[in-house]
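S.K.: Pasting a structure here, questions to come.
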Amino acid sequence: MAYNLLKGKKGIIFGALNEMSIAWKVAEKAYEEGAEFILTNTPVALRLGTLDQLAKKCNTQIVPSDATNVEELEAMIMRSMEILGGKIDFILHSIGMSPNVRKGLSYDRLNYEYYLKTLDISALSFHKVLHVCRKLDAINDWGSVVALSYVAAQRTLYGYNDMADAKSLLESVARSFGYIYGRDKKIRVNTISQSPTMTTAGSGVKGIDRLIDFSERMSPLGNATAEDCASYCITLFSDLTRKVTMQNLFHDGGFSSMGMSLRAMTQYDKSFRDCIDQGD
Ligand SMILES: NC(=O)c1ccc[n+]([C@@H]2O[C@H](COP(=O)([O-])OP(=O)(O)OC[C@H]3O[C@@H](n4cnc5c(N)ncnc54)[C@H](O)[C@@H]3O)[C@@H](O)[C@H]2O)c1
C-alpha cells in the first residue's frame with residue numbers, strides 16, 4: 001500500500017545492480033510513494049547488471065558515476081539536478097565492495113592495496129557524496145541522506161573481514177557529516193544497519209547462508225528482507241522523521257540486542273548432541 005510519503009520529492013539512488021539489490025527495492029518503493037529520482041552506478045555495473053529495466057519501470061534515467069571519483073560525482077549530481085529540475089531531497093548510498101573478500105584473503109592476510117579500495121568504495125565514497133553535495137549546494141533544507149551498514153561495525157562476525165572496518169568508518173562519517181550538514185542546512189544523515197540479505201554483495205560474504213540462518217534464529221522478529229529495508233528507507237526520506245539524524249538505526253528484527261535465543265539454543269543443542277554421538 002502506498003501513502004504518497006515522497007510526493008514531490010527528488011532523489012538520487014546509488015547501488016541498484018539487479019533485482020536482488022536493496023537499492024532496487026528502495027527505488028521501486030520510492031517510485032510507488034511518488035518520488036522522482038535518478039539512478040546511478042558504475043559503468044561496469046551498468047554493463048553487468050540490469051539497471052535499465054529498473055529505470056524503465058520507474059520512468060527515470062540513469063546517470064553513471066563511480067562513487068570513489070569526485071569529478072564523476074560532481075558531473076552526475078549536476079546532471080541529476082538538471083534532469084530533475086531542481087535540488088535533491090534524498091539520497092541512498094547503497095554501495096559496498098571488498099577486493100579482499102572477493103579474492104578470499106582473510107583478515108590476518110589482507111592485501112593493503114585492496115584494503116584501501118574496500119575503505120574507499122564502501123566508506124570514503126559516502127564522505128565524497130556528502131562533500132560534493134554540500135559544495136554544489138545540491139540538497140534542499142530538511143533533506144535526508146541514508147547509507148546502508150551492518151552490525152559487524154560493532155560486533156565481530158566471522159567472515160565479514162575488512163568490510164567490518166569499512167562499516168565502522170561509514171557510520172562515523174554519518175555522525176561527523178550529520179553534525180555539519182544538520183547545523184548548516186537541517187539535512188539529516190543516518191545509516192541503517194540491515195540484516196544479512198541474499199544479494200550479489202551479500203553472497204560474497206563467507207558462509208552467508210549459515211549467517212542468514214543464524215540471525216533468523218536469533219532475531220525475535222526474524223531477519224529483515226530487502227523489501228522491509230526499502231520501507232524503512234522511505235520513512236527516513238519522508239517528512240515523518242525530520243529530527244532523526246547522526247544515528248545508526250538497527251533494522252534487523254532485534255538481532256543486535258540478543259545474546260541467545262531459544263531457537264538458536266535448540267539448534268546448538270542438536271549439533272552438540274551429534275558431536276557427542278560421534279565421539280568428538
Ligand atoms: N546484503 C547484505 O547482507 C547486507 C547487509 C547489510 C548491509 N548491506 C549493505 O547494503 C548495501 C547494498 O548492497 P546489496 O546487498 O544490495 O548488494 P549489491 O551487490 O546489489 O549492491 C552493491 C552495489 O555497490 C555498487 N558499487 C560497487 N562499487 C561502486 C563504486 N565504486 N561506485 C558506485 N557504486 C559501486 C555495485 O555496483 C552494486 O550496485 C551495501 O552497502 C552493503 O554493504 C548489505
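Ordering of the C-alpha cells sets the chain letters (A, B, ...), residue numbers begin anew at 1 in every chain, and ligands are numbered from 1 in the order given.
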Give me the residues within 7 Å of Ile95 (chain A) as a PyMOL selection string, counting only C-alpha atoms and dropping any in the same chain fewer than 5 places off.
M.R.: chain A and resi 14-15+122
S.K.: Deliver the residues from the most recent selection as a file, using N, CA, C and O atoms, as a PDB file, in the first residue's frame.
M.R.:
```
ATOM      1  N   PHE A  14      21.951   5.391  -5.344  1.00  0.00           N
ATOM      2  CA  PHE A  14      23.188   4.695  -5.720  1.00  0.00           C
ATOM      3  C   PHE A  14      23.037   3.200  -5.434  1.00  0.00           C
ATOM      4  O   PHE A  14      22.463   2.825  -4.406  1.00  0.00           O
ATOM      5  N   GLY A  15      23.566   2.356  -6.295  1.00  0.00           N
ATOM      6  CA  GLY A  15      23.815   0.962  -5.914  1.00  0.00           C
ATOM      7  C   GLY A  15      22.814  -0.094  -6.325  1.00  0.00           C
ATOM      8  O   GLY A  15      22.914  -1.223  -5.862  1.00  0.00           O
ATOM      9  N   SER A 122      33.552   1.548  -0.002  1.00  0.00           N
ATOM     10  CA  SER A 122      32.441   1.261   0.922  1.00  0.00           C
ATOM     11  C   SER A 122      32.205   2.340   1.969  1.00  0.00           C
ATOM     12  O   SER A 122      31.146   2.355   2.589  1.00  0.00           O
TER      13      SER A 122
END
```
S.K.: Give one line per residue of chain A that approaches ligand 1 to at most 8 Å, naming the two atoms of the closest pair and their distance in Å to one decimal, counting only C-alpha atoms and all ligand atoms; sort by chain then ascending residue number and deliver it as a Markdown table.
M.R.:
```
| residue | atom | partner | partner_atom_place_in_ligand_line | distance |
| --- | --- | --- | --- | --- |
| A:Phe14 | CA | ligand 1 | 34 (N) | 6.3 |
| A:Gly15 | CA | ligand 1 | 39 (O) | 3.6 |
| A:Ala16 | CA | ligand 1 | 39 (O) | 4.5 |
| A:Leu17 | CA | ligand 1 | 39 (O) | 3.9 |
| A:Asn18 | CA | ligand 1 | 20 (O) | 6.2 |
| A:Glu19 | CA | ligand 1 | 20 (O) | 7.8 |
| A:Met20 | CA | ligand 1 | 20 (O) | 6.1 |
| A:Ser21 | CA | ligand 1 | 20 (O) | 3.5 |
| A:Ile22 | CA | ligand 1 | 16 (O) | 3.9 |
| A:Ala23 | CA | ligand 1 | 16 (O) | 5.8 |
| A:Trp24 | CA | ligand 1 | 16 (O) | 7.7 |
| A:Thr40 | CA | ligand 1 | 33 (C) | 7.4 |
| A:Asn41 | CA | ligand 1 | 34 (N) | 4.8 |
| A:Thr42 | CA | ligand 1 | 33 (C) | 5.1 |
| A:Val44 | CA | ligand 1 | 37 (O) | 7.5 |
| A:Ala45 | CA | ligand 1 | 37 (O) | 4.7 |
| A:Leu46 | CA | ligand 1 | 37 (O) | 7.7 |
| A:Ser65 | CA | ligand 1 | 33 (C) | 6.4 |
| A:Asp66 | CA | ligand 1 | 32 (N) | 3.8 |
| A:Ala67 | CA | ligand 1 | 32 (N) | 3.8 |
| A:Thr68 | CA | ligand 1 | 31 (N) | 5.2 |
| A:Asn69 | CA | ligand 1 | 31 (N) | 7.8 |
| A:His93 | CA | ligand 1 | 41 (O) | 7.1 |
| A:Ser94 | CA | ligand 1 | 11 (C) | 4.0 |
| A:Ile95 | CA | ligand 1 | 24 (O) | 3.5 |
| A:Gly96 | CA | ligand 1 | 41 (O) | 4.1 |
| A:Met97 | CA | ligand 1 | 27 (C) | 5.4 |
| A:Ile121 | CA | ligand 1 | 31 (N) | 5.0 |
| A:Ser122 | CA | ligand 1 | 41 (O) | 6.4 |
| A:Ser125 | CA | ligand 1 | 32 (N) | 7.5 |
| A:Ala147 | CA | ligand 1 | 41 (O) | 6.9 |
| A:Leu148 | CA | ligand 1 | 10 (O) | 4.8 |
| A:Ser149 | CA | ligand 1 | 7 (C) | 4.5 |
| A:Tyr150 | CA | ligand 1 | 6 (C) | 4.3 |
| A:Val151 | CA | ligand 1 | 6 (C) | 7.6 |
| A:Met163 | CA | ligand 1 | 43 (O) | 7.6 |
| A:Lys167 | CA | ligand 1 | 43 (O) | 7.7 |
| A:Ile192 | CA | ligand 1 | 7 (C) | 7.8 |
| A:Ser193 | CA | ligand 1 | 6 (C) | 5.9 |
| A:Gln194 | CA | ligand 1 | 6 (C) | 4.3 |
| A:Ser195 | CA | ligand 1 | 5 (C) | 5.2 |
| A:Pro196 | CA | ligand 1 | 3 (O) | 3.3 |
| A:Thr197 | CA | ligand 1 | 3 (O) | 3.7 |
| A:Met198 | CA | ligand 1 | 1 (N) | 5.5 |
| A:Thr199 | CA | ligand 1 | 15 (O) | 4.7 |
| A:Thr200 | CA | ligand 1 | 19 (O) | 4.0 |
| A:Ala201 | CA | ligand 1 | 19 (O) | 3.6 |
| A:Gly202 | CA | ligand 1 | 1 (N) | 3.6 |
| A:Ser203 | CA | ligand 1 | 1 (N) | 7.2 |
| A:Val205 | CA | ligand 1 | 3 (O) | 7.9 |
| A:Ile208 | CA | ligand 1 | 3 (O) | 7.7 |
| A:Ala226 | CA | ligand 1 | 16 (O) | 7.8 |
```
S.K.: Could you jot down the CA of Phe255 (chain A) to CA of Thr225 (chain A) separation for me, Å, one decimal place?
M.R.: 13.4 Å
S.K.: Could you pull out the strand (DSSP E or B) residues of region 17-258 of chain A, going by DSSP on the backbone, and write them as a PyMOL selection string?
M.R.: chain A and resi 36-40+62+88-93+139-149+188-194+248-251
S.K.: One decimal, Å: what's the distance from CA of Asp274 (chain A) over to CA of Tyr160 (chain A), could you say?
M.R.: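 If I compute the distance from CA of Asp274 (chain A) to CA of Tyr160 (chain A), I get 27.7 Å.
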S.K.: What's the separation between CA of Arg242 (chain A) and CA of Gly178 (chain A), in Å to one decimal place?
M.R.: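 Computing it gives 12.8 Å between the two atoms.
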S.K.: Which one of A:Ala55, A:Leu124, A:Leu105, A:Ile187 sits closest to Ser172 (chain A) if you count only C-alpha atoms?
M.R.: A:Leu124
S.K.: Using only C-alpha atoms, tabulate the residues of region 146-234 of chain A lying at most 12 Å from any atom of region 243-254 of chain A, each with its closest atom pair and that distance in Å to one decimal, by chain and increasing residue number, as a Markdown table.
M.R.:
```
| residue | atom | partner | partner_atom | distance |
| --- | --- | --- | --- | --- |
| A:Val146 | CA | A:Thr245 | CA | 9.7 |
| A:Ala147 | CA | A:Asn248 | CA | 9.4 |
| A:Leu148 | CA | A:Asn248 | CA | 9.3 |
| A:Ser149 | CA | A:Asn248 | CA | 8.1 |
| A:Tyr150 | CA | A:Phe250 | CA | 8.4 |
| A:Val151 | CA | A:Phe250 | CA | 7.9 |
| A:Ala152 | CA | A:Phe250 | CA | 11.7 |
| A:Ala153 | CA | A:Asn248 | CA | 10.1 |
| A:Gln154 | CA | A:Asn248 | CA | 10.6 |
| A:Lys167 | CA | A:Asn248 | CA | 10.6 |
| A:Ser168 | CA | A:Asn248 | CA | 10.2 |
| A:Leu169 | CA | A:Asn248 | CA | 11.8 |
| A:Leu170 | CA | A:Asn248 | CA | 9.8 |
| A:Glu171 | CA | A:Asn248 | CA | 6.5 |
| A:Ser172 | CA | A:Met246 | CA | 8.7 |
| A:Val173 | CA | A:Met246 | CA | 8.9 |
| A:Ala174 | CA | A:Met246 | CA | 5.7 |
| A:Arg175 | CA | A:Met246 | CA | 4.3 |
| A:Ser176 | CA | A:Met246 | CA | 7.7 |
| A:Phe177 | CA | A:Met246 | CA | 8.1 |
| A:Gly178 | CA | A:Met246 | CA | 5.1 |
| A:Tyr179 | CA | A:Met246 | CA | 7.0 |
| A:Ile180 | CA | A:Met246 | CA | 10.2 |
| A:Tyr181 | CA | A:Thr245 | CA | 9.9 |
| A:Gly182 | CA | A:Thr245 | CA | 7.8 |
| A:Arg183 | CA | A:Thr245 | CA | 10.9 |
| A:Lys186 | CA | A:Lys243 | CA | 8.9 |
| A:Ile187 | CA | A:Thr245 | CA | 8.2 |
| A:Arg188 | CA | A:Thr245 | CA | 4.7 |
| A:Val189 | CA | A:Thr245 | CA | 5.3 |
| A:Asn190 | CA | A:Gln247 | CA | 5.0 |
| A:Thr191 | CA | A:Asn248 | CA | 4.7 |
| A:Ile192 | CA | A:Leu249 | CA | 4.8 |
| A:Ser193 | CA | A:Phe250 | CA | 4.6 |
| A:Gln194 | CA | A:His251 | CA | 5.0 |
| A:Ser195 | CA | A:Asp252 | CA | 4.6 |
| A:Pro196 | CA | A:Asp252 | CA | 8.3 |
| A:Thr197 | CA | A:Asp252 | CA | 10.3 |
| A:Ile212 | CA | A:Asp252 | CA | 11.1 |
| A:Ser215 | CA | A:Asp252 | CA | 8.6 |
| A:Glu216 | CA | A:Gly253 | CA | 8.4 |
| A:Arg217 | CA | A:Gly253 | CA | 10.4 |
| A:Met218 | CA | A:Gly254 | CA | 8.1 |
| A:Ser219 | CA | A:Gly254 | CA | 5.1 |
| A:Pro220 | CA | A:Gly254 | CA | 6.0 |
| A:Leu221 | CA | A:Gly253 | CA | 4.4 |
| A:Gly222 | CA | A:Gly253 | CA | 5.2 |
| A:Asn223 | CA | A:Gly253 | CA | 5.4 |
| A:Ala224 | CA | A:Asp252 | CA | 5.4 |
| A:Thr225 | CA | A:Asp252 | CA | 8.9 |
| A:Ala226 | CA | A:His251 | CA | 10.5 |
| A:Glu227 | CA | A:His251 | CA | 11.7 |
| A:Asp228 | CA | A:His251 | CA | 8.6 |
| A:Cys229 | CA | A:His251 | CA | 7.1 |
| A:Ala230 | CA | A:His251 | CA | 10.6 |
| A:Ser231 | CA | A:His251 | CA | 10.7 |
| A:Tyr232 | CA | A:His251 | CA | 8.0 |
| A:Cys233 | CA | A:His251 | CA | 10.1 |
```
S.K.: In terms of the shortest atom-to-atom distance over only C-alpha atoms, which of A:Val145, A:Ile12, A:Leu92, A:Leu110 is closest to Ser80 (chain A)?
M.R.: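 Residue with the minimum atom-to-atom distance to Ser80 (chain A): A:Ile12.
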S.K.: Which of region 29-215 of chain A end up as helix (DSSP H, G or I) when DSSP is run on this backbone - answer as a PyMOL selection string?
M.R.: chain A and resi 29-32+43-48+51-57+70-84+99-102+107-109+112-135+151-153+163-185+202-204+208-215
S.K.: Using only C-alpha atoms, pick whichever of A:Glu72, A:Phe214, A:Lys29, A:Tyr158 has the shortest atom-to-atom distance to Cys58 (chain A).
M.R.: A:Lys29
